[in-house]
Amino acid sequence: MEEIIVGIDFSKGSECAIELAIDMANKMRKNIKLVYVISQSGEDMSMEEVDRKIKDLIVKYADKFVGGEFKYEVFKGKVSEKLAMVAKQEKAAYVVVGTHGTSGYEKDWIGRNAYKTIEETECPVLTIRENFDFNKDLENIVVPIDSSMETRQKLPYAAKIAKLFNSKVRILGLYTSESIITVVDKYIEQVEKYLVNLEIPYTIEKTACENITTATLEYSDSIKADMVVIMTEQEKSFSNLMIGSYAQQMIHHSMIPVLTIHPEEINSAAR
């Protein structure tokens, strides 16, 4: 049985990650494995204290989790390496991590753990901020489409979640130059056909932009989106290269969960 792996550090952010994982696991009928990593410096809690705190978390969320069972493992080492290792061993469906750790410095967590976990983990990684509102249903999933061949590979993942949560897929066509309009429009037509065949409700919006991160976030905010699905690699423009990678920008600035997908070597999902 595939599991959903949740990286925890006992912060509010990691508890949000647990809650989001529970929502998904209940729908998908999967187990959840909580993973805590003791730092290599040794400046951390004892194994006994970690074990107790994890069991307290399991008790706290036991009533909400009806789709499977909680498991947990504790390691020593680097957070991203251990999460990637467990995800591979368990053939995880998803890894879920919070983007604000116990250090109190969001930039520190994002730079050293969340994004490194995405880089090193083969399965999709879902990142969530500690102030995410769970009182709202997952109604709108944003899927940005640019001119890169990989851009369409995110669609099956977005569609699967949309089916599970009865969500609407919000396709956002991104034009960073006039020369790519025809390519992006062609991709959007293929995306539309895919969603029609699966009977998933959708909308299409198109916009000219310089920075695709800014455009995606502004659109997501305007429609009160609940999730954004992106690729680790996206269309490269001068604006994006100057600021940092697309995925890093999205994870750092997005106020809603971001599901990040690694492109496949053979673009089967995209063709």
# chains A, B, ... in the order shown; residues from 1 in each chain; ligands from 1
call {"tool": "residues_around", "arguments": {"residues": "range 190-200 of chain A", "least_positions_apart": "3", "cutoff": "7 Å", "atoms": "only C-alpha atoms", "output": "PyMOL selection string"}}
result
chain A and resi 168+186-187
call {"tool": "write_last_selection", "arguments": {"atoms": "all heavy atoms", "output": "compact mmCIF listing (two decimals), in the first residue's frame"}}
result
# COMPACT_ATOMS: atom_id res chain seq x y z
N LYS A 168 -12.50 22.11 -9.28
CA LYS A 168 -12.46 22.65 -10.63
C LYS A 168 -11.00 22.96 -10.97
O LYS A 168 -10.27 23.53 -10.16
CB LYS A 168 -13.29 23.93 -10.72
CG LYS A 168 -13.33 24.56 -12.11
CD LYS A 168 -14.24 25.78 -12.15
CE LYS A 168 -15.70 25.36 -12.06
NZ LYS A 168 -16.60 26.53 -12.23
N LYS A 186 -1.76 25.55 -28.36
CA LYS A 186 -1.85 24.13 -28.74
C LYS A 186 -1.87 23.25 -27.50
O LYS A 186 -2.66 22.31 -27.39
CB LYS A 186 -0.67 23.74 -29.64
CG LYS A 186 -0.66 22.28 -30.04
CD LYS A 186 0.58 21.96 -30.86
CE LYS A 186 0.66 20.46 -31.18
NZ LYS A 186 1.90 20.13 -31.94
N TYR A 187 -1.00 23.55 -26.55
CA TYR A 187 -0.96 22.78 -25.30
C TYR A 187 -2.27 22.91 -24.54
O TYR A 187 -2.78 21.92 -23.98
CB TYR A 187 0.20 23.25 -24.42
CG TYR A 187 1.57 22.89 -24.93
CD1 TYR A 187 2.71 23.47 -24.36
CD2 TYR A 187 1.76 21.99 -25.97
CE1 TYR A 187 3.99 23.15 -24.81
CE2 TYR A 187 3.03 21.67 -26.42
CZ TYR A 187 4.14 22.25 -25.85
OH TYR A 187 5.39 21.93 -26.29
call {"tool": "closest_atom_pairs", "arguments": {"of": "range 149-235 of chain A", "to": "range 76-97 of chain A", "cutoff": "12 Å", "atoms": "only C-alpha atoms", "output": "tab-separated table"}}
result
residue	atom	partner	partner_atom	distance
A:Tyr157	CA	A:Ala93	CA	10.6
A:Lys160	CA	A:Ala93	CA	11.8
A:Ile161	CA	A:Tyr94	CA	11.7
call {"tool": "residues_around", "arguments": {"residues": "Leu155 in chain A", "least_positions_apart": "3", "cutoff": "10 Å", "atoms": "only C-alpha atoms", "output": "CSV table (one decimal) with N, CA and C atoms, in the first residue's frame"}}
result
chain,number,residue,atom,x,y,z
A,143,VAL,N,-3.6,25.2,-12.7
A,143,VAL,CA,-2.6,24.5,-13.5
A,143,VAL,C,-2.0,25.5,-14.5
A,144,PRO,N,-0.9,26.1,-14.3
A,144,PRO,CA,-0.3,27.0,-15.2
A,144,PRO,C,0.3,26.2,-16.4
A,145,ILE,N,0.1,26.8,-17.6
A,145,ILE,CA,0.6,26.1,-18.8
A,145,ILE,C,1.5,27.1,-19.6
A,151,THR,N,5.4,21.1,-19.4
A,151,THR,CA,4.3,21.7,-18.7
A,151,THR,C,3.1,20.9,-18.6
A,152,ARG,N,2.8,20.0,-19.5
A,152,ARG,CA,1.5,19.3,-19.5
A,152,ARG,C,1.6,18.0,-18.6
A,158,ALA,N,-2.9,16.8,-11.3
A,158,ALA,CA,-4.0,17.8,-10.9
A,158,ALA,C,-5.4,17.2,-11.1
A,159,ALA,N,-5.5,16.4,-12.2
A,159,ALA,CA,-6.8,15.8,-12.5
A,159,ALA,C,-7.2,14.7,-11.4
A,160,LYS,N,-6.2,14.0,-11.0
A,160,LYS,CA,-6.5,13.0,-9.9
A,160,LYS,C,-7.0,13.6,-8.6
A,169,VAL,N,-10.6,22.6,-12.2
A,169,VAL,CA,-9.2,22.8,-12.6
A,169,VAL,C,-9.2,24.2,-13.3
A,171,ILE,N,-7.1,26.3,-15.6
A,171,ILE,CA,-6.0,26.4,-16.6
A,171,ILE,C,-5.6,27.8,-16.8
A,191,VAL,N,-4.8,20.0,-23.2
A,191,VAL,CA,-5.3,20.0,-21.8
A,191,VAL,C,-6.8,20.0,-21.7
A,194,TYR,N,-8.2,16.6,-22.6
A,194,TYR,CA,-8.0,15.7,-21.5
A,194,TYR,C,-9.0,15.8,-20.4
A,195,LEU,N,-9.3,17.0,-20.0
A,195,LEU,CA,-10.2,17.3,-18.9
A,195,LEU,C,-11.6,16.9,-19.3
A,229,VAL,N,-0.5,23.5,-9.0
A,229,VAL,CA,0.3,22.3,-9.4
A,229,VAL,C,1.3,22.8,-10.4
A,230,ILE,N,2.6,22.5,-10.1
A,230,ILE,CA,3.7,23.0,-11.0
A,230,ILE,C,4.7,21.9,-11.2
A,261,ILE,N,5.9,18.6,-9.3
A,261,ILE,CA,6.1,17.4,-10.0
A,261,ILE,C,7.4,17.4,-10.7
A,269,ALA,N,3.3,11.6,-20.5
A,269,ALA,CA,2.1,12.3,-20.0
A,269,ALA,C,1.8,13.6,-20.7
A,270,ALA,N,2.8,14.1,-21.4
A,270,ALA,CA,2.7,15.4,-22.0
A,270,ALA,C,2.2,15.3,-23.5
call {"tool": "closest_residue", "arguments": {"among": "A:Val142, A:Val59, A:Met28, A:Ala114", "to": "Ser222 in chain A", "atoms": "only C-alpha atoms"}}
result
A:Val142
call {"tool": "select_by_dssp", "arguments": {"residues": "range 166-199 of chain A", "states": "strand (DSSP E or B)", "output": "VMD selection string"}}
result
chain A and resid 168 to 175
call {"tool": "write_last_selection", "arguments": {"atoms": "N, CA and C atoms", "output": "short mmCIF file (atom, residue, chain, number, x, y, z; two decimals), in the first residue's frame"}}
result
data_model
loop_
_atom_site.label_atom_id
_atom_site.label_comp_id
_atom_site.auth_asym_id
_atom_site.auth_seq_id
_atom_site.Cartn_x
_atom_site.Cartn_y
_atom_site.Cartn_z
N LYS A 168 -12.50 22.11 -9.28
CA LYS A 168 -12.46 22.65 -10.63
C LYS A 168 -11.00 22.96 -10.97
N VAL A 169 -10.58 22.56 -12.17
CA VAL A 169 -9.23 22.84 -12.62
C VAL A 169 -9.22 24.18 -13.34
N ARG A 170 -8.33 25.06 -12.91
CA ARG A 170 -8.23 26.40 -13.49
C ARG A 170 -6.96 26.47 -14.33
N ILE A 171 -7.12 26.34 -15.64
CA ILE A 171 -5.99 26.39 -16.55
C ILE A 171 -5.58 27.84 -16.78
N LEU A 172 -4.29 28.12 -16.60
CA LEU A 172 -3.76 29.46 -16.82
C LEU A 172 -2.69 29.42 -17.90
N GLY A 173 -3.01 29.93 -19.08
CA GLY A 173 -2.04 30.02 -20.16
C GLY A 173 -1.13 31.21 -19.96
N LEU A 174 0.18 30.99 -20.04
CA LEU A 174 1.16 32.04 -19.75
C LEU A 174 1.96 32.36 -21.00
N TYR A 175 1.84 33.60 -21.47
CA TYR A 175 2.55 34.05 -22.66
C TYR A 175 3.67 35.00 -22.24
#
call {"tool": "atom_distance", "arguments": {"atom1": "CA of Ile256 in chain A", "atom2": "CA of Leu164 in chain A"}}
result
18.3 Å
